[in-house]
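Student: Contents of coords-v6.pdb (PDB, C-alpha atoms) are given next:
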MODEL        1
ATOM      1  CA  MET A   1     -68.296  82.665  71.963
ATOM      2  CA  ARG A   2     -70.983  81.005  69.855
ATOM      3  CA  THR A   3     -68.549  80.855  66.945
ATOM      4  CA  ASN A   4     -66.026  78.962  69.111
ATOM      5  CA  ILE A   5     -68.712  76.492  70.198
ATOM      6  CA  LYS A   6     -69.714  75.886  66.582
ATOM      7  CA  ILE A   7     -66.086  75.321  65.561
ATOM      8  CA  SER A   8     -65.554  72.895  68.454
ATOM      9  CA  PHE A   9     -68.732  71.036  67.526
ATOM     10  CA  LEU A  10     -67.628  70.765  63.887
ATOM     11  CA  ILE A  11     -64.208  69.454  64.921
ATOM     12  CA  LEU A  12     -65.807  66.811  67.157
ATOM     13  CA  LEU A  13     -68.194  65.833  64.366
ATOM     14  CA  ILE A  14     -65.345  65.447  61.866
ATOM     15  CA  LEU A  15     -63.290  63.366  64.314
ATOM     16  CA  THR A  16     -66.299  61.133  64.995
ATOM     17  CA  ILE A  17     -66.867  60.554  61.270
ATOM     18  CA  ILE A  18     -63.171  59.762  60.717
ATOM     19  CA  GLY A  19     -63.223  57.354  63.672
ATOM     20  CA  CYS A  20     -66.281  55.556  62.303
ATOM     21  CA  LYS A  21     -64.690  55.234  58.869
ATOM     22  CA  ASN A  22     -61.502  53.803  60.372
ATOM     23  CA  SER A  23     -63.578  51.345  62.391
ATOM     24  CA  GLU A  24     -65.431  50.265  59.249
ATOM     25  CA  LYS A  25     -62.118  49.721  57.458
ATOM     26  CA  LYS A  26     -60.875  47.503  60.278
ATOM     27  CA  GLU A  27     -64.056  45.437  60.167
ATOM     28  CA  LYS A  28     -63.794  45.070  56.403
ATOM     29  CA  GLN A  29     -60.186  43.881  56.702
ATOM     30  CA  LEU A  30     -61.132  41.106  59.149
ATOM     31  CA  VAL A  31     -60.556  37.779  57.361
ATOM     32  CA  GLN A  32     -62.468  34.581  58.217
ATOM     33  CA  ILE A  33     -60.615  31.285  57.603
ATOM     34  CA  ASP A  34     -61.931  27.794  58.374
ATOM     35  CA  PHE A  35     -59.499  24.919  58.927
ATOM     36  CA  GLY A  36     -60.660  21.310  58.910
ATOM     37  CA  LYS A  37     -64.087  22.190  57.568
ATOM     38  CA  TRP A  38     -64.877  19.789  54.764
ATOM     39  CA  ASP A  39     -66.914  20.716  51.703
ATOM     40  CA  LYS A  40     -70.264  19.160  52.600
ATOM     41  CA  GLU A  41     -70.317  20.297  56.224
ATOM     42  CA  SER A  42     -72.728  22.989  57.303
ATOM     43  CA  ASP A  43     -71.769  25.886  59.578
ATOM     44  CA  SER A  44     -74.641  24.893  61.862
ATOM     45  CA  LEU A  45     -72.879  21.619  62.772
ATOM     46  CA  GLY A  46     -70.007  23.422  64.483
ATOM     47  CA  VAL A  47     -70.163  23.730  68.278
ATOM     48  CA  GLU A  48     -67.635  25.953  70.035
ATOM     49  CA  LEU A  49     -65.334  24.103  72.412
ATOM     50  CA  VAL A  50     -64.634  26.590  75.198
ATOM     51  CA  TYR A  51     -61.502  24.765  76.334
ATOM     52  CA  ASN A  52     -60.404  27.353  78.919
ATOM     53  CA  GLN A  53     -63.489  26.658  81.035
ATOM     54  CA  PHE A  54     -62.171  23.211  81.940
ATOM     55  CA  GLU A  55     -59.791  22.347  84.743
ATOM     56  CA  ASN A  56     -57.936  19.526  83.006
ATOM     57  CA  TRP A  57     -57.341  17.979  79.603
ATOM     58  CA  LYS A  58     -59.531  14.931  80.226
ATOM     59  CA  ASP A  59     -62.541  17.183  80.735
ATOM     60  CA  VAL A  60     -61.757  18.907  77.430
ATOM     61  CA  LEU A  61     -61.736  15.497  75.726
ATOM     62  CA  LYS A  62     -65.012  14.466  77.379
ATOM     63  CA  ARG A  63     -66.684  17.622  76.107
ATOM     64  CA  THR A  64     -65.191  17.037  72.644
ATOM     65  CA  GLU A  65     -66.683  13.554  72.521
ATOM     66  CA  ARG A  66     -70.087  14.737  73.758
ATOM     67  CA  ILE A  67     -70.204  17.220  70.897
ATOM     68  CA  ALA A  68     -69.189  14.522  68.391
ATOM     69  CA  CYS A  69     -71.788  12.084  69.759
ATOM     70  CA  ASN A  70     -74.484  14.721  69.231
ATOM     71  CA  ASP A  71     -73.722  14.633  65.494
ATOM     72  CA  SER A  72     -71.900  17.944  65.708
ATOM     73  CA  ILE A  73     -68.328  19.041  65.107
ATOM     74  CA  PRO A  74     -66.247  20.571  67.909
ATOM     75  CA  LYS A  75     -64.436  23.729  66.901
ATOM     76  CA  ILE A  76     -62.189  26.374  68.428
ATOM     77  CA  THR A  77     -62.159  29.969  67.216
ATOM     78  CA  LEU A  78     -58.961  32.009  67.417
ATOM     79  CA  LYS A  79     -59.174  35.770  66.959
ATOM     80  CA  SER A  80     -56.450  38.277  66.134
ATOM     81  CA  ASP A  81     -56.475  41.912  65.000
ATOM     82  CA  ASN A  82     -57.201  41.095  61.358
ATOM     83  CA  LYS A  83     -58.237  37.440  61.305
ATOM     84  CA  ILE A  84     -60.812  35.033  62.693
ATOM     85  CA  LYS A  85     -59.594  31.460  62.407
ATOM     86  CA  THR A  86     -61.995  28.586  63.123
ATOM     87  CA  ILE A  87     -60.495  25.120  63.536
ATOM     88  CA  TYR A  88     -62.743  22.052  63.299
ATOM     89  CA  PHE A  89     -61.838  18.741  64.957
ATOM     90  CA  HIS A  90     -63.006  15.443  63.501
ATOM     91  CA  ASN A  91     -62.851  13.348  66.644
ATOM     92  CA  PRO A  92     -65.108  10.302  66.304
ATOM     93  CA  CYS A  93     -67.913   9.426  68.684
ATOM     94  CA  TRP A  94     -66.421   6.301  70.226
ATOM     95  CA  GLU A  95     -69.884   5.073  71.220
ATOM     96  CA  ASN A  96     -70.401   4.283  67.534
ATOM     97  CA  PHE A  97     -67.107   2.487  66.927
ATOM     98  CA  ALA A  98     -65.521  -0.555  68.496
ATOM     99  CA  CYS A  99     -62.243   0.240  66.780
ATOM    100  CA  ILE A 100     -60.871   2.517  64.064
ATOM    101  CA  LEU A 101     -57.840   1.206  62.215
ATOM    102  CA  ILE A 102     -55.324   3.963  61.517
ATOM    103  CA  LYS A 103     -51.827   3.257  60.270
ATOM    104  CA  GLN A 104     -49.368   4.890  62.601
ATOM    105  CA  LYS A 105     -47.217   6.076  59.714
ATOM    106  CA  ASN A 106     -50.170   8.262  58.664
ATOM    107  CA  THR A 107     -50.172  10.078  62.002
ATOM    108  CA  ILE A 108     -48.207  12.818  63.712
ATOM    109  CA  GLU A 109     -48.640  13.432  67.426
ATOM    110  CA  ILE A 110     -48.062  16.740  69.162
ATOM    111  CA  HIS A 111     -47.916  16.187  72.903
ATOM    112  CA  ASN A 112     -47.372  19.323  74.980
ATOM    113  CA  ASP A 113     -44.582  21.043  73.023
ATOM    114  CA  THR A 114     -43.058  17.917  71.486
ATOM    115  CA  ILE A 115     -43.732  16.277  68.116
ATOM    116  CA  ASN A 116     -43.680  12.499  67.986
ATOM    117  CA  LYS A 117     -43.393  10.445  64.818
ATOM    118  CA  LYS A 118     -43.158   6.651  64.905
ATOM    119  CA  TYR A 119     -42.428   5.680  68.495
ATOM    120  CA  ASP A 120     -39.060   7.240  69.236
ATOM    121  CA  ASN A 121     -38.618  10.110  66.785
ATOM    122  CA  PHE A 122     -39.144  13.240  68.864
ATOM    123  CA  TYR A 123     -38.824  16.808  67.625
ATOM    124  CA  PRO A 124     -39.295  20.257  69.200
ATOM    125  CA  LEU A 125     -42.357  22.244  68.183
ATOM    126  CA  ASP A 126     -40.117  24.601  66.194
ATOM    127  CA  SER A 127     -39.564  21.709  63.759
ATOM    128  CA  LEU A 128     -43.290  21.377  63.063
ATOM    129  CA  GLU A 129     -43.231  22.705  59.509
ATOM    130  CA  SER A 130     -40.362  20.466  58.388
ATOM    131  CA  VAL A 131     -41.949  17.372  59.997
ATOM    132  CA  LEU A 132     -45.302  18.152  58.367
ATOM    133  CA  LYS A 133     -43.744  18.820  54.984
ATOM    134  CA  ARG A 134     -41.861  15.536  55.005
ATOM    135  CA  ASP A 135     -45.095  13.575  55.527
ATOM    136  CA  ILE A 136     -47.267  15.666  53.216
ATOM    137  CA  GLU A 137     -44.836  15.460  50.295
ATOM    138  CA  ASN A 138     -43.898  11.811  50.813
ATOM    139  CA  ASN A 139     -46.735  10.221  48.780
ATOM    140  CA  GLY A 140     -45.724   6.702  49.784
ATOM    141  CA  LYS A 141     -42.054   6.968  48.751
ATOM    142  CA  ASN A 142     -40.728   6.361  52.256
ATOM    143  CA  PRO A 143     -42.631   3.446  53.867
ATOM    144  CA  MET A 144     -42.087   4.956  57.320
ATOM    145  CA  LEU A 145     -43.978   8.139  56.415
ATOM    146  CA  SER A 146     -47.517   8.948  55.302
ATOM    147  CA  ASP A 147     -48.973   7.126  52.290
ATOM    148  CA  ASN A 148     -50.952  10.111  51.126
ATOM    149  CA  PRO A 149     -51.416  13.694  52.404
ATOM    150  CA  GLU A 150     -55.188  13.122  52.505
ATOM    151  CA  LYS A 151     -54.668  10.312  55.031
ATOM    152  CA  LEU A 152     -52.499  12.365  57.364
ATOM    153  CA  LEU A 153     -54.011  12.673  60.844
ATOM    154  CA  ILE A 154     -52.576  14.979  63.490
ATOM    155  CA  TYR A 155     -53.185  14.226  67.151
ATOM    156  CA  VAL A 156     -52.905  17.027  69.696
ATOM    157  CA  SER A 157     -52.643  15.998  73.336
ATOM    158  CA  TYR A 158     -51.565  17.375  76.695
ATOM    159  CA  ASP A 159     -50.811  16.193  80.165
ATOM    160  CA  LYS A 160     -53.526  16.635  82.777
ATOM    161  CA  ASN A 161     -52.830  20.368  82.945
ATOM    162  CA  GLY A 162     -50.776  22.674  80.782
ATOM    163  CA  PHE A 163     -53.118  22.938  77.813
ATOM    164  CA  GLU A 164     -53.088  26.734  77.992
ATOM    165  CA  ASN A 165     -50.677  26.528  75.041
ATOM    166  CA  LEU A 166     -53.344  24.916  72.848
ATOM    167  CA  PRO A 167     -54.154  28.141  70.905
ATOM    168  CA  LYS A 168     -50.462  28.736  70.100
ATOM    169  CA  THR A 169     -50.008  25.134  68.978
ATOM    170  CA  LEU A 170     -53.095  25.287  66.749
ATOM    171  CA  GLU A 171     -51.929  28.600  65.307
ATOM    172  CA  LYS A 172     -48.505  27.165  64.415
ATOM    173  CA  LEU A 173     -50.026  23.970  63.062
ATOM    174  CA  THR A 174     -52.564  25.636  60.782
ATOM    175  CA  GLN A 175     -50.064  28.230  59.563
ATOM    176  CA  ALA A 176     -47.524  25.547  58.660
ATOM    177  CA  TYR A 177     -50.138  23.367  56.942
ATOM    178  CA  GLU A 178     -51.444  26.254  54.849
ATOM    179  CA  ARG A 179     -47.933  27.338  53.832
ATOM    180  CA  ILE A 180     -47.052  23.817  52.677
ATOM    181  CA  THR A 181     -50.300  22.857  50.932
ATOM    182  CA  ASN A 182     -52.031  26.169  50.227
ATOM    183  CA  LYS A 183     -55.117  24.396  51.635
ATOM    184  CA  THR A 184     -57.101  24.389  54.875
ATOM    185  CA  ASP A 185     -58.413  20.791  54.872
ATOM    186  CA  ILE A 186     -56.279  19.698  57.826
ATOM    187  CA  ASN A 187     -57.426  16.703  59.899
ATOM    188  CA  ILE A 188     -56.850  17.229  63.645
ATOM    189  CA  TRP A 189     -58.020  15.122  66.571
ATOM    190  CA  LEU A 190     -57.807  16.226  70.178
ATOM    191  CA  ASN A 191     -56.464  13.137  71.840
ATOM    192  CA  GLU A 192     -55.341  11.422  75.005
ATOM    193  CA  LYS A 193     -51.686  10.515  75.186
ATOM    194  CA  PHE A 194     -51.150   6.771  75.016
ATOM    195  CA  ASP A 195     -47.706   5.328  75.487
ATOM    196  CA  ILE A 196     -47.631   2.630  72.836
ATOM    197  CA  PRO A 197     -44.631   0.342  73.166
ATOM    198  CA  PRO A 198     -42.488   0.041  70.046
ATOM    199  CA  PRO A 199     -42.661  -3.192  68.080
ATOM    200  CA  PRO A 200     -40.285  -5.935  69.243
ATOM    201  CA  PRO A 201     -36.988  -6.227  67.397
ATOM    202  CA  PRO A 202     -36.751  -8.908  64.720
ATOM    203  CA  PRO A 203     -35.531 -12.281  65.981
ATOM    204  CA  LYS A 204     -31.834 -12.875  65.760
ATOM    205  CA  GLU A 205     -30.777 -15.070  62.922
ATOM    206  CA  ILE A 206     -30.076 -18.588  64.078
ATOM    207  CA  ILE A 207     -26.825 -19.908  62.706
ATOM    208  CA  GLU A 208     -26.667 -23.641  62.445
ATOM    209  CA  ILE A 209     -23.295 -25.065  63.404
ATOM    210  CA  LYS A 210     -22.418 -28.131  61.418
TER
ENDMDL
END
How does the structure come out when it is put into structure tokens?

Tutor:
Amino acid sequence: MRTNIKISFLILLILTIIGCKNSEKKEKQLVQIDFGKWDKESDSLGVELVYNQFENWKDVLKRTERIACNDSIPKITLKSDNKIKTIYFHNPCWENFACILIKQKNTIEIHNDTINKKYDNFYPLDSLESVLKRDIENNGKNPMLSDNPEKLLIYVSYDKNGFENLPKTLEKLTQAYERITNKTDINIWLNEKFDIPPPPPPPKEIIEIK
């Protein structure tokens, strides 16, 4: 009887040790990646934006700006089985700026599940990588696209509700950016959707009748 108890104890001990070793392996395999964190920025500046605590998108944006106005950087952390991905947002504190001039050709907007480029060019979210690549690799060749990949700014916005897809959008966005550039220095702003009217058409040529 005592022999059986000892054997059972040894088996339990071995299983416990194996379980601990497997747990340690999983922890060691966990990879930490930071997106949008620039070289001179300290980890202590990042403040977690707990977006799912808010009832609507405007409240998320208000919290984002409060963090920015406290000289901190809003961030969202996404966790999976083998990866911790932290995404930093470089929204400005609008209290400090009357206006920031940004060329629209250097921007891409993702609103809900739709990508918008230059007024009326709309693409499904599945086209994100191809839209990004076109701007990133343009380098000023096409005047309608981004001048320089370092100037590219990506706006993410939602209607009042429906921002539960934010983690999936950020996951797709960061994955696509890293695949194209092999970098993590992406510039993302959480934004409010503004319907900017397109520029007026050029005036019709006046033909003088002699």

Student: Just give me the gap between atom CA of A:Ile110 and atom CA of A:Asp59 in Å, one decimal is fine.

Tutor: 18.5 Å

Student: Take the PyMOL selection byres ((chain A and resi 36) around 8), run it mentally on this structure, and tell me the resulting residues as an MDAnalysis selection string.

Tutor: chainID A and resid 34:35 37:38 87:90 184:188

Student: With the PyMOL selection byres ((chain A and resi 32) around 9) as the selection, what would be picked from this file? Answer as an NGL selection string, please.

Tutor: :A and (30-31 or 33-34 or 82-86)

Student: Just say which residues the PyMOL selection byres ((chain A and resi 53-58) around 8) picks in this file, as a list in words.

Tutor: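 Selection result, ordered by chain and number: Val50, Tyr51, Asn52, Asp59, Val60, Leu61, Lys62, Tyr158, Asp159, Lys160, Asn161, Phe163 and Glu192 of chain A.
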
Student: Around (-67.7, 11.6, 69.2) in the file's own coordinates, what residues are found within 7 Å if you use only C-alpha atoms, given back as a list of chain:residue names?

Tutor: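 Checked against the point, the hits come out as A:Thr64, A:Glu65, A:Arg66, A:Ile67, A:Ala68, A:Cys69, A:Asn91, A:Pro92, A:Cys93, A:Trp94.
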
Student: Just to be explicit: take each residue in the selection above, keep C-alpha atoms, and write the result as a CSV table (one decimal), keeping the file's coordinate frame.

Tutor:
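Result written to selection_17.csv:
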chain,number,residue,atom,x,y,z
A,64,THR,CA,-65.2,17.0,72.6
A,65,GLU,CA,-66.7,13.6,72.5
A,66,ARG,CA,-70.1,14.7,73.8
A,67,ILE,CA,-70.2,17.2,70.9
A,68,ALA,CA,-69.2,14.5,68.4
A,69,CYS,CA,-71.8,12.1,69.8
A,91,ASN,CA,-62.9,13.3,66.6
A,92,PRO,CA,-65.1,10.3,66.3
A,93,CYS,CA,-67.9,9.4,68.7
A,94,TRP,CA,-66.4,6.3,70.2

Student: Neighbouring residues of stretch 100-109 of chain A were defined as those with any atom within 10 Å, considering all atoms listed in the file; residues of the same chain fewer than 4 positions away were excluded. Please report them as an NGL selection string.

Tutor: :A and (92 or 94 or 114-119 or 122 or 128 or 131-132 or 135-136 or 142-157 or 188-191 or 193)

Student: Atom CA of A:Val47 to atom CA of A:Lys172: how many Å, to one decimal?

Tutor: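 Rounded to one decimal, the two atoms are 22.3 Å apart.
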
Student: Between atom CA of A:Lys75 and atom CA of A:Leu49, measure the distance and give it in Å to one decimal.

Tutor: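 That distance, rounded to one decimal, is 5.6 Å.
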
Student: Set up a box along x, y and z of the file covering all listed atoms of stretch 138-149 of chain A, add 5 Å on every one of the six sides, and write the centre and edge lengths in Å to one decimal, as JSON.

Tutor:
{"center_x": -46.1, "center_y": 8.6, "center_z": 53.0, "size_x": 20.7, "size_y": 20.2, "size_z": 18.6}

Student: Closest to A:Ile180 among A:Asn139, A:Ser130, A:Gln29, A:Asn165, using only C-alpha atoms?

Tutor: A:Ser130

Student: Out of A:Arg63, A:Lys141, A:Lys133, A:Lys168, which residue has the shortest atom-to-atom distance to A:Asp113 when counting only C-alpha atoms?

Tutor: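 Counting only C-alpha atoms, the residue closest to A:Asp113 is A:Lys168.
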